[in-house]
>>> print(open('structure.tsv').read())   # TSV, C-alpha atoms
chain	number	residue	atom	x	y	z
A	1231	MET	CA	14.05	16.94	13.60
A	1232	THR	CA	17.54	16.33	15.02
A	1233	ASP	CA	20.51	16.24	12.67
A	1234	GLU	CA	22.07	12.92	13.55
A	1235	TRP	CA	23.03	9.62	11.94
A	1236	ARG	CA	20.36	6.95	12.35
A	1237	GLY	CA	19.27	3.76	10.68
A	1238	TRP	CA	16.73	4.26	7.91
A	1239	ARG	CA	13.90	2.61	9.86
A	1240	GLU	CA	14.21	4.96	12.84
A	1241	ALA	CA	14.77	8.01	10.63
A	1242	ALA	CA	11.79	7.26	8.38
A	1243	GLU	CA	9.53	6.52	11.35
A	1244	ALA	CA	10.18	10.01	12.74
A	1245	ALA	CA	10.01	11.68	9.32
A	1246	LEU	CA	6.68	10.10	8.40
A	1247	TYR	CA	4.85	9.59	11.69
A	1248	GLY	CA	6.49	11.84	14.29
A	1249	ASP	CA	4.75	14.95	15.60
A	1250	GLU	CA	6.22	16.98	12.73
A	1251	GLY	CA	6.17	14.08	10.29
A	1252	PHE	CA	4.86	14.03	6.76
A	1253	TYR	CA	1.64	12.15	7.60
A	1254	ARG	CA	0.85	14.07	10.78
A	1255	SER	CA	1.78	17.70	10.22
A	1256	PRO	CA	-1.06	20.03	9.13
A	1257	LEU	CA	1.60	21.99	7.23
A	1258	ARG	CA	1.44	19.37	4.46
A	1259	GLY	CA	-1.89	20.82	3.32
A	1260	PRO	CA	-5.55	19.91	3.82
A	1261	GLU	CA	-5.48	17.60	0.81
A	1262	GLY	CA	-3.14	15.24	2.68
A	1263	PRO	CA	-1.08	12.66	0.82
A	1264	ALA	CA	-3.08	13.23	-2.37
A	1265	GLY	CA	-1.29	16.55	-2.74
A	1266	HIS	CA	2.03	14.73	-3.12
A	1267	PHE	CA	1.34	11.49	-5.00
A	1268	ARG	CA	-1.49	9.88	-6.97
A	1269	THR	CA	-2.82	6.40	-6.27
A	1270	SER	CA	-5.39	4.25	-8.06
A	1271	VAL	CA	-8.02	5.65	-5.68
A	1272	HIS	CA	-7.37	9.14	-7.03
A	1273	ALA	CA	-7.09	8.01	-10.66
A	1274	SER	CA	-10.70	6.90	-11.10
A	1275	PRO	CA	-13.95	6.10	-9.25
A	1276	LEU	CA	-13.79	2.77	-11.09
A	1277	PHE	CA	-11.32	1.64	-8.42
A	1278	ALA	CA	-13.82	2.21	-5.60
A	1279	ALA	CA	-16.48	0.49	-7.71
A	1280	ALA	CA	-14.20	-2.55	-7.99
A	1281	VAL	CA	-13.82	-2.61	-4.20
A	1282	VAL	CA	-17.63	-2.54	-3.95
A	1283	ARG	CA	-17.73	-5.65	-6.15
A	1284	LEU	CA	-15.26	-7.33	-3.82
A	1285	LEU	CA	-17.49	-6.45	-0.87
A	1286	THR	CA	-20.58	-7.70	-2.64
A	1287	GLY	CA	-18.90	-10.99	-3.49
A	1288	ILE	CA	-17.76	-11.54	0.09
A	1289	ALA	CA	-21.26	-10.78	1.40
A	1290	ARG	CA	-22.71	-13.28	-1.06
A	1291	GLU	CA	-20.25	-15.99	-0.03
A	1292	LEU	CA	-20.94	-15.37	3.65
A	1293	ASP	CA	-24.69	-15.11	3.06
A	1294	THR	CA	-24.96	-11.74	4.78
A	1295	ARG	CA	-26.10	-8.25	3.88
A	1296	THR	CA	-24.11	-6.59	6.69
A	1297	ILE	CA	-20.36	-6.34	6.24
A	1298	THR	CA	-17.33	-4.39	7.49
A	1299	LEU	CA	-14.80	-2.52	5.36
A	1300	ILE	CA	-11.47	-1.41	6.84
A	1301	ASP	CA	-9.27	0.93	4.81
A	1302	VAL	CA	-5.73	0.80	6.25
A	1303	GLY	CA	-3.71	3.90	5.44
A	1304	ALA	CA	-6.89	5.74	4.51
A	1305	GLY	CA	-5.42	9.15	3.64
A	1306	ARG	CA	-8.32	11.55	3.83
A	1307	GLY	CA	-10.96	8.84	3.40
A	1308	GLU	CA	-11.12	9.03	-0.39
A	1309	LEU	CA	-11.60	5.30	-0.99
A	1310	LEU	CA	-14.29	4.89	1.67
A	1311	THR	CA	-16.11	7.95	0.36
A	1312	GLY	CA	-16.11	6.44	-3.13
A	1313	VAL	CA	-17.28	3.06	-1.87
A	1314	LEU	CA	-20.18	4.52	0.11
A	1315	ALA	CA	-21.29	6.45	-2.98
A	1316	ALA	CA	-21.32	3.27	-5.10
A	1317	LEU	CA	-22.97	0.79	-2.72
A	1318	PRO	CA	-25.88	-1.22	-4.14
A	1319	ASP	CA	-29.21	-1.18	-2.39
A	1320	GLY	CA	-29.52	-3.76	0.36
A	1321	LEU	CA	-25.82	-3.97	1.29
A	1322	GLU	CA	-25.06	-2.44	4.69
A	1323	VAL	CA	-21.39	-1.55	5.20
A	1324	THR	CA	-19.65	-0.43	8.39
A	1325	PRO	CA	-16.60	1.54	7.21
A	1326	TYR	CA	-13.42	2.10	9.25
A	1327	ALA	CA	-10.60	4.44	8.23
A	1328	VAL	CA	-7.27	3.50	9.85
A	1329	GLU	CA	-4.94	6.50	9.76
A	1330	VAL	CA	-2.41	8.32	11.98
A	1331	ALA	CA	-3.57	11.80	10.92
A	1332	ASP	CA	-6.56	13.54	12.48
A	1333	ARG	CA	-10.00	12.99	10.99
A	1334	PRO	CA	-10.53	15.47	8.15
A	1335	PRO	CA	-13.46	17.89	8.36
A	1336	GLY	CA	-16.59	17.13	6.37
A	1337	LEU	CA	-16.03	13.38	6.17
A	1338	ASP	CA	-19.13	11.17	5.92
A	1339	PRO	CA	-20.23	10.56	9.53
A	1340	ARG	CA	-20.71	6.87	8.78
A	1341	ILE	CA	-16.92	6.47	8.52
A	1342	ARG	CA	-15.31	5.48	11.83
A	1343	TRP	CA	-11.84	7.03	12.20
A	1344	CYS	CA	-9.28	5.06	14.22
A	1345	ALA	CA	-5.55	4.50	14.70
A	1346	GLU	CA	-5.70	0.68	14.63
A	1347	PRO	CA	-7.99	-1.74	12.79
A	1348	PRO	CA	-10.65	-3.46	14.89
A	1349	ALA	CA	-10.23	-7.20	15.43
A	1350	GLY	CA	-12.59	-10.02	14.60
A	1351	ILE	CA	-14.25	-8.42	11.58
A	1352	THR	CA	-16.41	-10.05	8.94
A	1353	GLY	CA	-15.77	-8.41	5.61
A	1354	LEU	CA	-12.85	-6.78	3.81
A	1355	LEU	CA	-9.62	-5.29	5.10
A	1356	PHE	CA	-8.04	-3.26	2.29
A	1357	ALA	CA	-4.58	-1.68	2.37
A	1358	ASN	CA	-3.82	0.33	-0.76
A	1359	GLU	CA	-0.25	1.68	-0.80
A	1360	TRP	CA	0.15	1.31	2.95
A	1361	LEU	CA	2.93	-1.24	3.36
A	1362	ASP	CA	5.38	0.76	1.23
A	1363	ASN	CA	5.21	3.43	3.95
A	1364	VAL	CA	6.01	1.02	6.78
A	1365	PRO	CA	9.65	2.00	7.52
A	1366	ALA	CA	12.34	-0.61	7.02
A	1367	GLU	CA	16.07	-0.81	7.53
A	1368	VAL	CA	18.26	-0.49	4.45
A	1369	ALA	CA	21.26	-2.78	3.97
A	1370	GLU	CA	24.22	-2.37	1.60
A	1371	VAL	CA	27.12	-4.72	0.85
A	1372	ASP	CA	30.53	-3.24	1.66
A	1373	ALA	CA	33.77	-3.72	-0.29
A	1374	ALA	CA	34.51	-6.92	1.65
A	1375	GLY	CA	31.14	-8.46	0.74
A	1376	VAL	CA	29.53	-7.89	4.15
A	1377	PRO	CA	25.92	-6.54	4.28
A	1378	ARG	CA	25.82	-3.54	6.61
A	1379	TYR	CA	23.04	-1.30	7.85
A	1380	VAL	CA	22.85	2.03	6.04
A	1381	GLN	CA	22.74	5.08	8.28
A	1382	VAL	CA	21.25	8.37	7.09
A	1383	ARG	CA	21.59	11.99	8.16
A	1384	THR	CA	18.26	13.73	8.72
A	1385	SER	CA	19.10	17.14	7.32
A	1386	ASP	CA	20.32	16.21	3.85
A	1387	GLY	CA	19.87	12.44	3.32
A	1388	ALA	CA	23.61	11.74	3.26
A	1389	GLU	CA	24.39	8.08	3.95
A	1390	ARG	CA	27.16	5.99	5.47
A	1391	LEU	CA	27.58	2.30	6.31
A	1392	GLY	CA	27.10	1.17	9.89
A	1393	ALA	CA	27.30	-2.16	11.68
A	1394	PRO	CA	26.99	-5.53	9.91
A	1395	VAL	CA	23.44	-6.81	9.55
A	1396	ALA	CA	22.85	-9.48	12.19
A	1397	GLY	CA	20.23	-11.62	13.90
A	1398	ALA	CA	16.68	-11.78	12.50
A	1399	ASP	CA	17.47	-9.12	9.89
A	1400	ALA	CA	20.34	-11.20	8.51
A	1401	ALA	CA	18.12	-14.28	8.43
A	1402	TRP	CA	15.44	-12.32	6.55
A	1403	LEU	CA	17.98	-11.17	3.95
A	1404	GLU	CA	19.28	-14.68	3.45
A	1405	ARG	CA	15.76	-16.04	2.96
A	1406	TRP	CA	14.13	-13.26	1.00
A	1407	TRP	CA	16.73	-10.92	-0.51
A	1408	PRO	CA	20.25	-12.42	-0.67
A	1409	LEU	CA	23.03	-9.88	-1.23
A	1410	SER	CA	26.54	-10.61	-2.40
A	1411	ALA	CA	28.19	-8.03	-4.68
A	1412	PRO	CA	29.61	-4.79	-3.20
A	1413	GLY	CA	27.15	-1.93	-3.59
A	1414	GLU	CA	24.03	-4.11	-3.70
A	1415	ARG	CA	21.23	-2.82	-1.47
A	1416	ALA	CA	18.00	-4.11	0.01
A	1417	GLU	CA	15.15	-2.94	2.18
A	1418	ILE	CA	14.77	-5.42	5.04
A	1419	GLY	CA	11.05	-6.16	5.00
A	1420	ARG	CA	10.58	-7.72	8.45
A	1421	PRO	CA	8.51	-4.77	9.77
A	1422	ARG	CA	6.22	-4.98	6.72
A	1423	ASP	CA	5.78	-8.73	7.23
A	1424	ALA	CA	4.83	-8.21	10.86
A	1425	ALA	CA	2.53	-5.28	10.12
A	1426	TRP	CA	0.68	-7.21	7.44
A	1427	ALA	CA	0.33	-10.34	9.55
A	1428	ARG	CA	-1.23	-8.24	12.34
A	1429	ALA	CA	-3.59	-6.48	9.94
A	1430	ALA	CA	-4.68	-9.62	8.11
A	1431	GLY	CA	-5.21	-11.29	11.47
A	1432	CYS	CA	-8.04	-8.84	12.17
A	1433	VAL	CA	-10.22	-10.64	9.61
A	1434	GLU	CA	-12.26	-13.46	11.16
A	1435	ALA	CA	-14.16	-14.17	7.95
A	1436	GLY	CA	-13.70	-12.50	4.60
A	1437	LEU	CA	-10.78	-11.06	2.69
A	1438	ALA	CA	-7.59	-9.15	3.49
A	1439	VAL	CA	-6.00	-7.36	0.54
A	1440	ALA	CA	-2.69	-5.51	0.24
A	1441	VAL	CA	-2.08	-3.50	-2.94
A	1442	ASP	CA	1.36	-2.03	-3.50
A	1443	TYR	CA	4.48	-1.60	-5.54
A	1444	THR	CA	6.11	-5.01	-5.30
A	1445	HIS	CA	8.84	-7.41	-6.33
A	1446	VAL	CA	9.45	-11.11	-5.67
A	1447	ARG	CA	12.51	-13.05	-4.61
A	1448	ASP	CA	13.62	-14.07	-8.09
A	1449	ALA	CA	13.46	-10.47	-9.35
A	1450	ARG	CA	14.60	-8.17	-6.55
A	1451	PRO	CA	16.06	-4.84	-7.73
A	1452	PRO	CA	19.84	-4.94	-7.11
A	1453	PHE	CA	20.04	-1.49	-5.54
A	1454	GLY	CA	16.72	-1.32	-3.66
A	1455	THR	CA	13.82	1.03	-4.34
A	1456	LEU	CA	13.88	3.65	-1.57
A	1457	THR	CA	12.73	7.04	-2.87
A	1458	GLY	CA	10.75	10.16	-1.97
A	1459	PHE	CA	7.72	12.06	-3.30
A	1460	ARG	CA	6.78	15.67	-2.78
A	1461	GLY	CA	4.34	17.89	-4.64
A	1462	GLY	CA	3.58	15.21	-7.21
A	1463	ARG	CA	7.22	14.63	-8.15
A	1464	GLU	CA	9.80	11.98	-7.28
A	1465	VAL	CA	12.58	13.46	-5.14
A	1466	ARG	CA	15.58	12.26	-3.14
A	1467	PRO	CA	14.66	10.31	0.02
A	1468	VAL	CA	15.61	12.78	2.75
A	1469	PRO	CA	14.07	11.96	6.18
A	1470	ASP	CA	13.34	15.56	7.16
A	1471	GLY	CA	9.53	15.31	7.31
A	1472	SER	CA	8.97	17.30	4.13
A	1473	ARG	CA	8.24	14.39	1.80
A	1474	ASP	CA	6.84	10.90	1.50
A	1475	LEU	CA	9.39	8.09	1.91
A	1476	THR	CA	8.53	4.86	0.16
A	1477	ALA	CA	10.05	1.57	-0.96
A	1478	HIS	CA	8.54	-1.33	-2.87
A	1479	VAL	CA	7.20	-4.25	-0.84
A	1480	ALA	CA	8.29	-7.90	-0.86
A	1481	LEU	CA	4.70	-9.14	-0.90
A	1482	ASP	CA	5.85	-12.75	-1.18
A	1483	ALA	CA	7.48	-12.39	2.24
A	1484	CYS	CA	4.31	-10.76	3.60
A	1485	ALA	CA	2.27	-13.71	2.31
A	1486	ALA	CA	4.59	-16.15	4.08
A	1487	ALA	CA	4.29	-14.18	7.33
A	1488	VAL	CA	0.52	-14.60	7.32
A	1489	ALA	CA	0.84	-18.32	6.58
A	1490	GLU	CA	3.33	-18.74	9.40
A	1491	ALA	CA	0.98	-16.93	11.80
A	1492	GLY	CA	-1.34	-19.92	11.51
A	1493	THR	CA	-4.50	-18.06	10.53
A	1494	GLY	CA	-5.51	-20.67	8.00
A	1495	ALA	CA	-5.88	-18.00	5.33
A	1496	SER	CA	-5.26	-18.97	1.72
A	1497	ALA	CA	-3.16	-16.56	-0.35
A	1498	GLU	CA	-3.07	-15.33	-3.92
A	1499	LEU	CA	-0.34	-13.00	-5.22
A	1500	THR	CA	-1.13	-11.46	-8.57
A	1501	ASP	CA	-1.24	-8.05	-10.26
A	1502	GLN	CA	-3.81	-5.25	-10.42
A	1503	ARG	CA	-4.47	-5.77	-14.11
A	1504	THR	CA	-5.58	-9.36	-13.48
A	1505	VAL	CA	-7.78	-8.57	-10.47
A	1506	LEU	CA	-9.48	-5.53	-11.98
A	1507	HIS	CA	-10.23	-7.43	-15.17
A	1508	ARG	CA	-11.74	-10.14	-12.97
A	1509	LEU	CA	-13.87	-7.43	-11.33
A	1510	GLY	CA	-15.13	-6.07	-14.63
A	1511	VAL	CA	-12.75	-3.12	-15.09
A	1512	GLY	CA	-11.51	-3.17	-18.70
A	1513	GLY	CA	-10.05	-0.64	-21.07
A	1514	GLY	CA	-12.08	-1.48	-24.15
A	1515	ARG	CA	-13.40	1.47	-26.18
A	1516	PRO	CA	-17.17	1.78	-26.66
A	1517	PRO	CA	-18.49	1.01	-30.17
A	1518	LEU	CA	-18.32	3.99	-32.50
A	1519	SER	CA	-21.98	3.43	-33.41
A	1520	LEU	CA	-22.88	4.63	-29.90
A	1521	ALA	CA	-21.63	8.10	-30.85
A	1522	ALA	CA	-24.42	8.42	-33.38
A	1523	THR	CA	-27.23	7.06	-31.21
A	1524	ASP	CA	-26.15	8.43	-27.81
A	1525	PRO	CA	-23.38	11.06	-28.09
A	1526	ALA	CA	-23.35	11.88	-24.38
A	1527	GLY	CA	-23.29	8.22	-23.46
A	1528	TYR	CA	-20.43	7.64	-25.88
A	1529	VAL	CA	-18.35	10.42	-24.30
A	1530	THR	CA	-19.02	9.03	-20.82
A	1531	ALA	CA	-18.14	5.48	-21.88
A	1532	LEU	CA	-15.00	6.71	-23.64
A	1533	ALA	CA	-13.84	8.53	-20.50
A	1534	ALA	CA	-14.47	5.42	-18.39
A	1535	ALA	CA	-12.50	3.30	-20.85
A	1536	GLY	CA	-9.57	5.69	-20.55
A	1537	GLU	CA	-9.66	5.52	-16.77
A	1538	ALA	CA	-9.89	1.73	-16.86
A	1539	ALA	CA	-6.93	1.60	-19.20
A	1540	GLU	CA	-4.87	3.68	-16.76
A	1541	LEU	CA	-5.79	1.47	-13.81
A	1542	THR	CA	-4.76	-1.68	-15.70
A	1543	ALA	CA	-1.85	-0.41	-17.79
A	1544	ARG	CA	1.27	-2.53	-18.13
A	1545	GLY	CA	4.27	-0.60	-16.88
A	1546	GLY	CA	1.96	1.50	-14.68
A	1547	LEU	CA	-0.82	0.94	-12.17
A	1548	GLY	CA	-1.71	-2.41	-13.71
A	1549	ASP	CA	1.61	-3.82	-12.51
A	1550	PHE	CA	0.86	-3.17	-8.84
A	1551	GLY	CA	0.91	-6.30	-6.73
A	1552	TRP	CA	-2.29	-7.58	-5.13
A	1553	LEU	CA	-1.94	-9.97	-2.20
A	1554	LEU	CA	-5.30	-11.51	-1.30
A	1555	HIS	CA	-5.89	-13.65	1.79
A	1556	ARG	CA	-9.19	-15.49	2.04
A	1557	VAL	CA	-10.26	-16.30	5.60
A	1558	GLY	CA	-13.18	-18.58	6.38
A	1559	LEU	CA	-14.06	-18.71	2.69
A	1560	PRO	CA	-13.54	-21.36	-0.01
A	1561	ALA	CA	-9.93	-21.48	-1.15
A	1562	ALA	CA	-10.73	-20.15	-4.61
A	1563	PRO	CA	-13.11	-17.28	-5.47
A	1564	PRO	CA	-16.38	-18.37	-7.07
>>> encode(input="structure.tsv", output="structure tokens")
Amino acid sequence: MTDEWRGWREAAEAALYGDEGFYRSPLRGPEGPAGHFRTSVHASPLFAAAVVRLLTGIARELDTRTITLIDVGAGRGELLTGVLAALPDGLEVTPYAVEVADRPPGLDPRIRWCAEPPAGITGLLFANEWLDNVPAEVAEVDAAGVPRYVQVRTSDGAERLGAPVAGADAAWLERWWPLSAPGERAEIGRPRDAAWARAAGCVEAGLAVAVDYTHVRDARPPFGTLTGFRGGREVRPVPDGSRDLTAHVALDACAAAVAEAGTGASAELTDQRTVLHRLGVGGGRPPLSLAATDPAGYVTALAAAGEAAELTARGGLGDFGWLLHRVGLPAAPP
């Protein structure tokens, strides 16, 4: 990695996806991203089971028993592995893992490993904590009230202000994340909007889902959300390839990008707690009477309730945004 001043988008692109980047380098460990941060996929198999219910519902609506599942930003294939283990009899799924890293050894041979999602699919495209890793420029308002690009130094994460934000980036800020007071910051989400519109456009019939840290226009954080993760801990965002670099996603802007692409997809923006409850994942404790009649069953049910509570917790995973686009399906789920 060269030690030079660059915009955050260019610096993060190299730090995450370059030859020595966080998501490509074998030096990060065989466990991949899971060794540095924990997602809902890692928290409980109940998450994969909920995705299976989504798949089953889509297949029912499309009157088919053969369906495609694309996991964008697949890590080491953990979600697809969990889904394949939980499939009901009679549902045939073709699974694709979309990932920049090499295919991990020992992965289920049914999983097709690729760098880009296939187009024209019937089924479900699922992107869990992918868009937050799509690099974006960072803007900050200077003392005169002018939004400027933030430049970063690779070696230590030091920052300085660069040129004024202009063109399409300035228009995006004005529409989606207006800045005014000196010191206010924003992540310019245009690359995320474009990436999501391309991904969702791969679905010919079915559902495209993005799950991520999020905020909406009326509640943007005044100083942005850019941060880093390494070894399971939050750390300073230094673009040196040694850590994950992430920022929350303006999913409302991503939804608009899909609408403006003219796909005809309907959109729902809600939270994980709401969707998982809809899919039968709840945190209710089993009845105490079960402990007397079936002690082992009670312990199993109690553990599942704890996992469900974590997946749906307010102030935690339950607050994650879910953006759902329905393509070639009725506007509202049955």
>>> atom_distance(input="structure.tsv", atom1="CA of Ala1369 in chain A", atom2="CA of Pro1394 in chain A")
8.7 Å
>>> closest_residue(input="structure.tsv", among="A:Gly1454, A:Pro1318, A:Pro1334, A:Gly1512", to="Ala1289 in chain A", atoms="only C-alpha atoms")
A:Pro1318
>>> closest_residue(input="structure.tsv", among="A:Ala1489, A:Glu1322, A:Ala1538, A:Val1468", to="Ala1279 in chain A", atoms="only C-alpha atoms")
A:Ala1538
>>> residues_around(input="structure.tsv", residues="Val1368 in chain A", least_positions_apart="3", cutoff="7 Å", atoms="all atoms listed in the file", output="PDB file with C-alpha atoms, in the frame of the given file")
ATOM      1  CA  TRP A1238      16.730   4.260   7.910  1.00  0.00           C
ATOM      2  CA  TYR A1379      23.040  -1.300   7.850  1.00  0.00           C
ATOM      3  CA  VAL A1380      22.850   2.030   6.040  1.00  0.00           C
ATOM      4  CA  ALA A1416      18.000  -4.110   0.010  1.00  0.00           C
ATOM      5  CA  GLU A1417      15.150  -2.940   2.180  1.00  0.00           C
ATOM      6  CA  ILE A1418      14.770  -5.420   5.040  1.00  0.00           C
TER       7      ILE A1418
END
>>> atom_distance(input="structure.tsv", atom1="CA of Ala1483 in chain A", atom2="CA of Pro1377 in chain A")
19.5 Å
>>> atom_distance(input="structure.tsv", atom1="CA of Ala1486 in chain A", atom2="CA of Tyr1443 in chain A")
17.4 Å
>>> closest_residue(input="structure.tsv", among="A:Ala1440, A:Ala1388, A:Ala1435, A:Leu1284", to="Asp1501 in chain A", atoms="only C-alpha atoms")
A:Ala1440
>>> closest_residue(input="structure.tsv", among="A:Arg1378, A:Arg1405, A:Arg1254, A:Arg1428", to="Arg1473 in chain A", atoms="all atoms listed in the file")
A:Arg1254
>>> closest_residue(input="structure.tsv", among="A:Trp1360, A:Tyr1247, A:Trp1407, A:Phe1277", to="Gly1510 in chain A", atoms="all atoms listed in the file")
A:Phe1277
>>> axis_aligned_box(input="structure.tsv", around="range 1327-1334 of chain A", padding_each_side="8 Å", output="AutoDock Vina command-line options")
--center_x -6.5 --center_y 9.5 --center_z 10.3 --size_x 24.2 --size_y 28.0 --size_z 20.3
>>> residues_around(input="structure.tsv", residues="Gly1545 in chain A", least_positions_apart="3", cutoff="12 Å", atoms="all atoms listed in the file", output="list in words")
Tyr1443, Asp1501, Gln1502, Arg1503, Ala1539, Glu1540, Leu1541, Thr1542, Gly1548, Asp1549 and Phe1550 of chain A
>>> build_atoms(input="structure.tsv", residues="range 1404-1420 of chain A", atoms="N, CA and C atoms", output="PDB file, keeping the file's coordinate frame")
ATOM      1  N   GLU A1404      18.866 -13.412   4.028  1.00  0.00           N
ATOM      2  CA  GLU A1404      19.280 -14.680   3.450  1.00  0.00           C
ATOM      3  C   GLU A1404      18.097 -15.408   2.813  1.00  0.00           C
ATOM      4  N   ARG A1405      16.943 -15.334   3.467  1.00  0.00           N
ATOM      5  CA  ARG A1405      15.760 -16.040   2.960  1.00  0.00           C
ATOM      6  C   ARG A1405      15.099 -15.309   1.802  1.00  0.00           C
ATOM      7  N   TRP A1406      14.988 -13.990   1.921  1.00  0.00           N
ATOM      8  CA  TRP A1406      14.130 -13.260   1.000  1.00  0.00           C
ATOM      9  C   TRP A1406      14.867 -12.335   0.023  1.00  0.00           C
ATOM     10  N   TRP A1407      16.050 -11.883   0.361  1.00  0.00           N
ATOM     11  CA  TRP A1407      16.730 -10.920  -0.510  1.00  0.00           C
ATOM     12  C   TRP A1407      18.245 -11.083  -0.349  1.00  0.00           C
ATOM     13  N   PRO A1408      18.811 -12.191  -0.845  1.00  0.00           N
ATOM     14  CA  PRO A1408      20.250 -12.420  -0.670  1.00  0.00           C
ATOM     15  C   PRO A1408      21.078 -11.359  -1.384  1.00  0.00           C
ATOM     16  N   LEU A1409      22.112 -10.880  -0.690  1.00  0.00           N
ATOM     17  CA  LEU A1409      23.030  -9.880  -1.230  1.00  0.00           C
ATOM     18  C   LEU A1409      24.426 -10.470  -1.288  1.00  0.00           C
ATOM     19  N   SER A1410      25.192 -10.070  -2.310  1.00  0.00           N
ATOM     20  CA  SER A1410      26.540 -10.610  -2.400  1.00  0.00           C
ATOM     21  C   SER A1410      27.547  -9.605  -2.949  1.00  0.00           C
ATOM     22  N   ALA A1411      27.226  -8.912  -4.030  1.00  0.00           N
ATOM     23  CA  ALA A1411      28.190  -8.030  -4.680  1.00  0.00           C
ATOM     24  C   ALA A1411      28.278  -6.689  -3.964  1.00  0.00           C
ATOM     25  N   PRO A1412      29.478  -6.121  -3.807  1.00  0.00           N
ATOM     26  CA  PRO A1412      29.610  -4.790  -3.200  1.00  0.00           C
ATOM     27  C   PRO A1412      28.727  -3.756  -3.884  1.00  0.00           C
ATOM     28  N   GLY A1413      28.041  -2.955  -3.070  1.00  0.00           N
ATOM     29  CA  GLY A1413      27.150  -1.930  -3.590  1.00  0.00           C
ATOM     30  C   GLY A1413      25.707  -2.349  -3.700  1.00  0.00           C
ATOM     31  N   GLU A1414      25.427  -3.652  -3.669  1.00  0.00           N
ATOM     32  CA  GLU A1414      24.030  -4.110  -3.700  1.00  0.00           C
ATOM     33  C   GLU A1414      23.310  -3.656  -2.439  1.00  0.00           C
ATOM     34  N   ARG A1415      22.030  -3.322  -2.597  1.00  0.00           N
ATOM     35  CA  ARG A1415      21.230  -2.820  -1.470  1.00  0.00           C
ATOM     36  C   ARG A1415      19.905  -3.559  -1.396  1.00  0.00           C
ATOM     37  N   ALA A1416      19.317  -3.506  -0.207  1.00  0.00           N
ATOM     38  CA  ALA A1416      18.000  -4.110   0.010  1.00  0.00           C
ATOM     39  C   ALA A1416      17.299  -3.375   1.128  1.00  0.00           C
ATOM     40  N   GLU A1417      15.966  -3.366   1.058  1.00  0.00           N
ATOM     41  CA  GLU A1417      15.150  -2.940   2.180  1.00  0.00           C
ATOM     42  C   GLU A1417      14.723  -4.187   2.949  1.00  0.00           C
ATOM     43  N   ILE A1418      15.030  -4.234   4.230  1.00  0.00           N
ATOM     44  CA  ILE A1418      14.770  -5.420   5.040  1.00  0.00           C
ATOM     45  C   ILE A1418      13.302  -5.395   5.472  1.00  0.00           C
ATOM     46  N   GLY A1419      12.501  -6.273   4.888  1.00  0.00           N
ATOM     47  CA  GLY A1419      11.050  -6.160   5.000  1.00  0.00           C
ATOM     48  C   GLY A1419      10.419  -6.752   6.240  1.00  0.00           C
ATOM     49  N   ARG A1420      11.185  -7.102   7.253  1.00  0.00           N
ATOM     50  CA  ARG A1420      10.580  -7.720   8.450  1.00  0.00           C
ATOM     51  C   ARG A1420       9.461  -6.877   9.072  1.00  0.00           C
TER      52      ARG A1420
END
